[in-house]
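Coordinates from start_16.tsv are shown below (TSV, C-alpha atoms).
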chain	number	residue	atom	x	y	z
A	98	MET	CA	11.39	-14.78	2.80
A	99	PRO	CA	12.00	-15.57	-0.88
A	100	GLU	CA	13.26	-12.89	-3.22
A	101	ALA	CA	10.60	-12.29	-5.82
A	102	PRO	CA	10.31	-10.21	-8.96
A	103	GLY	CA	7.39	-7.83	-9.34
A	104	PRO	CA	4.16	-9.61	-10.21
A	105	ARG	CA	2.79	-9.43	-13.73
A	106	ARG	CA	-0.74	-8.33	-14.24
A	107	PRO	CA	-2.60	-10.58	-16.71
A	108	SER	CA	-3.86	-7.60	-18.69
A	109	PRO	CA	-5.42	-8.22	-22.12
A	110	GLY	CA	-3.83	-6.75	-25.19
A	111	GLY	CA	-0.32	-8.11	-24.93
A	112	PRO	CA	2.96	-6.68	-23.67
A	113	ILE	CA	2.63	-3.33	-25.49
A	114	ARG	CA	-0.69	-2.57	-23.81
A	115	ARG	CA	0.71	-3.66	-20.43
A	116	TRP	CA	3.70	-1.36	-20.94
A	117	ARG	CA	1.42	1.57	-21.81
A	118	ILE	CA	-0.74	0.96	-18.75
A	119	ARG	CA	2.32	0.80	-16.50
A	120	ARG	CA	3.67	4.02	-18.05
A	121	ARG	CA	0.32	5.74	-17.40
A	122	LEU	CA	0.40	4.62	-13.77
A	123	PHE	CA	3.94	5.94	-13.26
A	124	ALA	CA	3.15	9.22	-15.02
A	125	THR	CA	0.09	9.81	-12.85
A	126	PHE	CA	2.10	9.81	-9.64
A	127	GLU	CA	5.60	10.77	-10.73
A	128	GLY	CA	5.25	12.61	-14.02
A	129	HIS	CA	5.56	16.14	-12.64
A	130	ALA	CA	8.53	15.32	-10.44
A	131	THR	CA	10.32	13.59	-13.32
A	132	ALA	CA	9.60	16.35	-15.81
A	133	ASP	CA	10.83	19.04	-13.44
A	134	ARG	CA	13.76	16.92	-12.25
A	135	ARG	CA	12.57	17.39	-8.68
A	136	ALA	CA	12.52	14.94	-5.82
A	137	LEU	CA	9.24	13.23	-5.02
A	138	PRO	CA	6.99	15.41	-2.84
A	139	ILE	CA	6.92	15.55	0.95
A	140	ARG	CA	3.99	17.07	2.84
A	141	ARG	CA	3.51	17.73	6.54
A	142	THR	CA	0.04	16.61	7.57
A	143	VAL	CA	-2.14	16.90	10.66
A	144	ARG	CA	-0.91	13.45	11.76
A	145	GLY	CA	2.74	13.49	10.80
A	146	ILE	CA	4.55	13.62	7.48
A	147	TRP	CA	3.74	12.14	4.09
A	148	VAL	CA	6.68	11.00	1.98
A	149	ALA	CA	5.87	9.85	-1.54
A	150	THR	CA	7.26	6.34	-2.06
A	151	PRO	CA	8.49	5.81	-5.66
A	152	VAL	CA	6.03	3.71	-7.67
A	153	ARG	CA	8.75	1.24	-8.67
A	154	VAL	CA	9.52	0.64	-4.98
A	155	ILE	CA	5.84	-0.04	-4.29
A	156	GLU	CA	5.79	-2.39	-7.28
A	157	ALA	CA	8.82	-4.32	-6.00
A	158	ALA	CA	7.44	-4.49	-2.45
A	159	ALA	CA	4.13	-5.80	-3.78
A	160	GLY	CA	6.03	-8.60	-5.52
A	161	ILE	CA	7.59	-9.63	-2.22
A	162	LEU	CA	4.24	-9.50	-0.42
A	163	SER	CA	2.59	-11.55	-3.18
A	164	ALA	CA	5.32	-14.21	-2.97
A	165	ALA	CA	4.75	-14.34	0.80
A	166	GLY	CA	1.03	-15.01	0.27
A	167	LEU	CA	-0.07	-11.65	1.68
A	168	LEU	CA	-1.70	-10.35	-1.49
A	169	GLY	CA	-4.12	-12.01	-3.89
A	170	ARG	CA	-6.32	-15.05	-3.45
A	171	SER	CA	-3.74	-16.82	-1.30
A	172	ALA	CA	-4.37	-14.08	1.28
A	173	GLY	CA	-8.00	-15.13	1.63
A	174	THR	CA	-10.36	-18.03	1.12
A	175	GLY	CA	-12.28	-18.93	-2.02
A	176	SER	CA	-13.54	-15.91	-3.93
A	177	ALA	CA	-13.43	-13.50	-0.97
A	178	PRO	CA	-9.87	-12.32	-0.34
A	179	TYR	CA	-9.08	-10.52	2.86
A	180	HIS	CA	-8.80	-6.75	3.05
A	181	VAL	CA	-5.54	-4.89	2.61
A	182	ILE	CA	-5.31	-1.57	4.44
A	183	ASP	CA	-2.98	1.23	3.34
A	184	ALA	CA	-2.68	3.25	6.55
A	185	GLY	CA	-1.77	6.79	5.50
A	186	SER	CA	-2.46	6.43	1.78
A	187	GLY	CA	-1.36	9.92	0.72
A	188	ASP	CA	-2.11	10.53	-2.96
A	189	GLY	CA	-3.38	6.97	-3.49
A	190	ARG	CA	-0.32	5.47	-5.15
A	191	VAL	CA	-0.19	2.30	-3.02
A	192	PRO	CA	-3.87	1.36	-3.54
A	193	ALA	CA	-3.47	2.13	-7.26
A	194	VAL	CA	-0.39	-0.08	-7.67
A	195	ILE	CA	-2.03	-2.95	-5.77
A	196	ALA	CA	-5.22	-2.61	-7.84
A	197	TRP	CA	-3.12	-2.74	-11.03
A	198	LEU	CA	-0.88	-5.63	-10.01
A	199	VAL	CA	-3.41	-7.74	-8.09
A	200	PRO	CA	-6.83	-7.35	-9.76
A	201	GLY	CA	-9.64	-8.30	-7.40
A	202	GLN	CA	-7.69	-7.60	-4.24
A	203	ALA	CA	-9.88	-5.59	-1.83
A	204	VAL	CA	-7.83	-2.58	-0.72
A	205	LEU	CA	-8.74	0.38	1.47
A	206	GLY	CA	-6.62	3.54	1.60
A	207	ILE	CA	-7.08	5.75	4.66
A	208	GLU	CA	-5.77	9.31	4.78
A	209	ALA	CA	-6.37	12.04	7.40
A	210	ASP	CA	-5.11	14.94	5.27
A	211	ALA	CA	-8.03	16.41	3.31
A	212	MET	CA	-5.91	17.69	0.40
A	213	LEU	CA	-4.13	14.38	-0.10
A	214	HIS	CA	-7.39	12.44	0.19
A	215	ALA	CA	-9.02	14.63	-2.47
A	216	ARG	CA	-6.00	14.23	-4.76
A	217	ALA	CA	-6.03	10.45	-4.32
A	218	ARG	CA	-9.74	10.22	-5.13
A	219	ALA	CA	-9.32	12.32	-8.28
A	220	GLN	CA	-6.31	10.32	-9.48
A	221	LEU	CA	-7.88	6.91	-8.85
A	222	ASP	CA	-11.07	8.03	-10.59
A	223	ALA	CA	-8.97	9.05	-13.61
A	224	LEU	CA	-7.06	5.76	-13.61
A	225	GLY	CA	-10.32	3.85	-13.41
A	226	ALA	CA	-11.82	5.81	-16.30
A	227	ALA	CA	-8.68	5.14	-18.37
A	228	GLY	CA	-8.90	1.39	-17.71
A	229	VAL	CA	-5.61	1.29	-15.80
A	230	ILE	CA	-7.26	-0.11	-12.67
A	231	ASP	CA	-10.63	-1.61	-11.78
A	232	PRO	CA	-12.01	0.72	-9.10
A	233	ALA	CA	-14.62	-1.82	-7.97
A	234	HIS	CA	-12.29	-3.27	-5.32
A	235	VAL	CA	-10.61	-0.04	-4.20
A	236	ARG	CA	-11.95	2.31	-1.53
A	237	LEU	CA	-10.54	5.53	-0.16
A	238	ALA	CA	-11.54	6.90	3.22
A	239	ALA	CA	-10.80	10.18	4.96
A	240	GLY	CA	-10.06	9.65	8.63
A	241	ASP	CA	-7.84	8.25	11.34
A	242	TYR	CA	-6.50	4.80	10.49
A	243	CYS	CA	-6.35	3.95	14.20
A	244	ASP	CA	-10.03	4.74	14.78
A	245	PRO	CA	-12.38	1.72	14.44
A	246	GLU	CA	-15.19	4.07	13.35
A	247	THR	CA	-13.23	4.87	10.17
A	248	TYR	CA	-13.53	1.24	9.13
A	249	GLY	CA	-17.13	0.88	10.26
A	250	ALA	CA	-18.16	3.84	8.12
A	251	GLN	CA	-16.70	2.03	5.08
A	252	GLY	CA	-18.28	-1.32	5.93
A	253	ILE	CA	-14.84	-2.82	6.46
A	254	ALA	CA	-14.73	-5.64	9.00
A	255	LEU	CA	-11.37	-5.54	10.76
A	256	GLY	CA	-11.71	-9.29	11.31
A	257	ARG	CA	-11.10	-9.78	7.58
A	258	THR	CA	-7.93	-7.71	7.52
A	259	ARG	CA	-4.71	-9.62	6.94
A	260	LEU	CA	-2.27	-6.94	5.77
A	261	VAL	CA	-1.74	-3.34	6.91
A	262	LEU	CA	0.77	-1.22	4.97
A	263	ASN	CA	2.41	1.94	6.30
A	264	TYR	CA	5.27	4.35	5.68
A	265	PRO	CA	6.50	5.10	9.24
A	266	ASP	CA	6.20	8.79	10.04
A	267	GLY	CA	6.21	8.70	13.84
A	268	ASN	CA	2.82	7.01	14.20
A	269	GLN	CA	4.06	3.45	13.70
A	270	HIS	CA	3.95	2.57	17.41
A	271	ARG	CA	0.34	3.70	17.66
A	272	LEU	CA	-0.53	1.76	14.51
A	273	ALA	CA	1.22	-1.37	15.80
A	274	ARG	CA	-0.82	-1.21	19.01
A	275	PHE	CA	-3.99	-0.84	16.94
A	276	VAL	CA	-3.13	-3.87	14.81
A	277	ALA	CA	-2.21	-5.90	17.90
A	278	THR	CA	-5.47	-5.13	19.71
A	279	ARG	CA	-8.05	-4.65	16.94
A	280	CYS	CA	-7.00	-6.99	14.12
A	281	PRO	CA	-6.84	-10.80	14.05
A	282	PRO	CA	-3.58	-12.48	15.17
A	283	GLU	CA	-2.78	-13.40	11.54
A	284	THR	CA	-2.69	-9.75	10.46
A	285	THR	CA	0.71	-8.59	9.19
A	286	LEU	CA	1.89	-5.01	9.63
A	287	ALA	CA	4.26	-4.15	6.78
A	288	LEU	CA	6.46	-1.07	7.22
A	289	LEU	CA	8.31	0.19	4.14
A	290	THR	CA	11.03	2.70	4.94
A	291	HIS	CA	14.65	3.79	4.51
A	292	ASP	CA	15.18	3.55	8.29
A	293	ARG	CA	16.88	0.20	8.80
A	294	ASP	CA	16.91	0.62	12.58
A	295	LEU	CA	13.18	1.11	12.89
A	296	SER	CA	11.23	-1.18	15.22
A	297	VAL	CA	7.90	-1.33	17.07
A	298	ASP	CA	7.19	-2.73	20.52
A	299	ALA	CA	3.63	-4.00	20.21
A	300	LEU	CA	4.34	-6.67	17.57
A	301	PRO	CA	7.29	-9.04	17.02
A	302	LEU	CA	9.37	-8.75	13.87
A	303	ARG	CA	8.86	-11.78	11.63
A	304	ALA	CA	10.92	-10.85	8.57
A	305	ARG	CA	12.87	-7.99	7.06
A	306	GLN	CA	13.98	-7.74	3.44
A	307	ASP	CA	15.63	-5.17	1.21
A	308	VAL	CA	13.51	-3.72	-1.58
A	309	ARG	CA	15.65	-2.71	-4.54
A	310	ALA	CA	14.24	-0.72	-7.44
A	311	GLY	CA	16.48	1.37	-9.67
A	312	ASN	CA	19.37	3.41	-8.38
A	313	GLY	CA	19.87	4.55	-4.84
A	314	PRO	CA	20.00	2.77	-1.50
A	315	PRO	CA	17.57	-0.10	-0.93
A	316	TRP	CA	14.39	0.36	1.02
A	317	SER	CA	13.59	-1.94	3.94
A	318	LEU	CA	10.35	-3.94	4.17
A	319	SER	CA	9.70	-5.11	7.74
A	320	LEU	CA	6.88	-7.52	8.56
A	321	TYR	CA	5.44	-7.66	12.06
A	322	ARG	CA	2.84	-10.15	13.32
A	323	ARG	CA	1.90	-11.57	16.69
A	324	SER	CA	1.84	-15.34	17.04
A	325	GLY	CA	-1.61	-15.61	18.59
The structure given in the file should be rewritten as structure tokens.
Amino acid sequence: MPEAPGPRRPSPGGPIRRWRIRRRLFATFEGHATADRRALPIRRTVRGIWVATPVRVIEAAAGILSAAGLLGRSAGTGSAPYHVIDAGSGDGRVPAVIAWLVPGQAVLGIEADAMLHARARAQLDALGAAGVIDPAHVRLAAGDYCDPETYGAQGIALGRTRLVLNYPDGNQHRLARFVATRCPPETTLALLTHDRDLSVDALPLRARQDVRAGNGPPWSLSLYRRSG
């Protein structure tokens, strides 16, 4: 898989406006932790554990996925790109970053924890009102990301899903089985984690690449997809 820089959003107003929008996005999700010099938050949920992925790591991972044709128009046909699912979307940072970097990409964030879901909805509403993202293509759902009824309630056809994102928290094997049995063969499961030994049984590993963003050890982006 080619090494790729983070994608650039063709935002009007020039580089200064783009810088201000990016700063607003980072501040929304990481401002309190940075100001208090604390680590990014971790929350135990009803399904597992939510670990806040740094926004710059999400940005770098999105660049890799875009270069691989898994985000944007190359991930779909004509004017109707396929859905991207963020399974376990926490406070909404992954859908927000994708909406900012890849305008028009249909993305659905699913979160079982009521507090995190409410926080994500409030933050994405604020980002939409500020013009940081276009909320027209972003949906947030409260529910189980391995339950087909969660998608049906949102009008999301699993047959048009081509990318499922997840931070592994112990549910990755269940999610891999769901992708293998409910999604089309072309669907890629992307796991972004620090655990370099992580693997799933239901889907074969197709690629693994380091994600480097700032200081600290690299993250690992693993892509799983069945051949047919």
Atom CA of A:Pro151 to atom CA of A:Thr285 measures 22.1 Å
For A:Arg309, list every protein, DNA or RNA residue within 9 Å, evaluated using all atoms listed in the file, and leave out those in the same chain fewer than 5 positions away; present the list as a PyMOL selection string.
chain A and resi 153-154+157-158+314-317
Between atom CA of A:Leu167 and atom CA of A:Ile182, distance in Å (one decimal)
11.7 Å
Quick one: everything within 10 Å of A:Leu302, counting only C-alpha atoms, minus sequence neighbours fewer than 2 positions away in the same chain. Send it as number ranges by chain.
A: 285-287, 296-300, 304-305, 319-323
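Atom to atom, atom CA of A:Trp147 and atom CA of A:Thr290 stand 12.0 Å apart.
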Contacts of A:Cys243 at 9 Å (all atoms listed in the file; same-chain gap of 4+ positions) as an mmCIF file with C-alpha atoms, keeping the file's coordinate frame:
data_model
loop_
_atom_site.group_PDB
_atom_site.id
_atom_site.type_symbol
_atom_site.label_atom_id
_atom_site.label_comp_id
_atom_site.auth_asym_id
_atom_site.auth_seq_id
_atom_site.Cartn_x
_atom_site.Cartn_y
_atom_site.Cartn_z
ATOM 1 C CA ALA A 184 -2.680 3.250 6.550
ATOM 2 C CA THR A 247 -13.230 4.870 10.170
ATOM 3 C CA ARG A 271 0.340 3.700 17.660
ATOM 4 C CA LEU A 272 -0.530 1.760 14.510
ATOM 5 C CA ARG A 274 -0.820 -1.210 19.010
ATOM 6 C CA PHE A 275 -3.990 -0.840 16.940
ATOM 7 C CA VAL A 276 -3.130 -3.870 14.810
#
Could you list, as a list in words, every residue within 12 Å of A:Ala223, counting all atoms listed in the file and ignoring same-chain residues fewer than 5 positions away?
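Counting all atoms listed in the file, the residues come to Arg121, Leu122, Thr125, Phe126, Gly189, Ala193, Arg216, Ala217, Arg218, Gly228, Val229, Ile230, Asp231 and Pro232 of chain A.
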Hey, which of A:Gly267, A:Gly206, A:Gly187, A:Gly169 ends up closest to A:Ile253? Count all atoms listed in the file.
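Ranked by minimum distance to A:Ile253, first place goes to A:Gly206.
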From the set A:Leu288, A:Ala233, A:Ala277, A:Ala196, which residue has the shortest atom-to-atom contact distance to A:Leu318, counting only C-alpha atoms?
A:Leu288
Which residues, written as an mmCIF file with C-alpha atoms, keeping the file's coordinate frame, have at least one atom at most 8 Å from stretch 202-205 of chain A, with only C-alpha atoms counted and residues fewer than 5 positions away on the same chain left out?
data_model
loop_
_atom_site.group_PDB
_atom_site.id
_atom_site.type_symbol
_atom_site.label_atom_id
_atom_site.label_comp_id
_atom_site.auth_asym_id
_atom_site.auth_seq_id
_atom_site.Cartn_x
_atom_site.Cartn_y
_atom_site.Cartn_z
ATOM 1 C CA LEU A 168 -1.700 -10.350 -1.490
ATOM 2 C CA GLY A 169 -4.120 -12.010 -3.890
ATOM 3 C CA ARG A 170 -6.320 -15.050 -3.450
ATOM 4 C CA PRO A 178 -9.870 -12.320 -0.340
ATOM 5 C CA TYR A 179 -9.080 -10.520 2.860
ATOM 6 C CA HIS A 180 -8.800 -6.750 3.050
ATOM 7 C CA VAL A 181 -5.540 -4.890 2.610
ATOM 8 C CA ILE A 182 -5.310 -1.570 4.440
ATOM 9 C CA ASP A 183 -2.980 1.230 3.340
ATOM 10 C CA PRO A 192 -3.870 1.360 -3.540
ATOM 11 C CA ILE A 195 -2.030 -2.950 -5.770
ATOM 12 C CA ALA A 196 -5.220 -2.610 -7.840
ATOM 13 C CA HIS A 234 -12.290 -3.270 -5.320
ATOM 14 C CA VAL A 235 -10.610 -0.040 -4.200
ATOM 15 C CA ARG A 236 -11.950 2.310 -1.530
ATOM 16 C CA LEU A 237 -10.540 5.530 -0.160
ATOM 17 C CA ALA A 238 -11.540 6.900 3.220
#
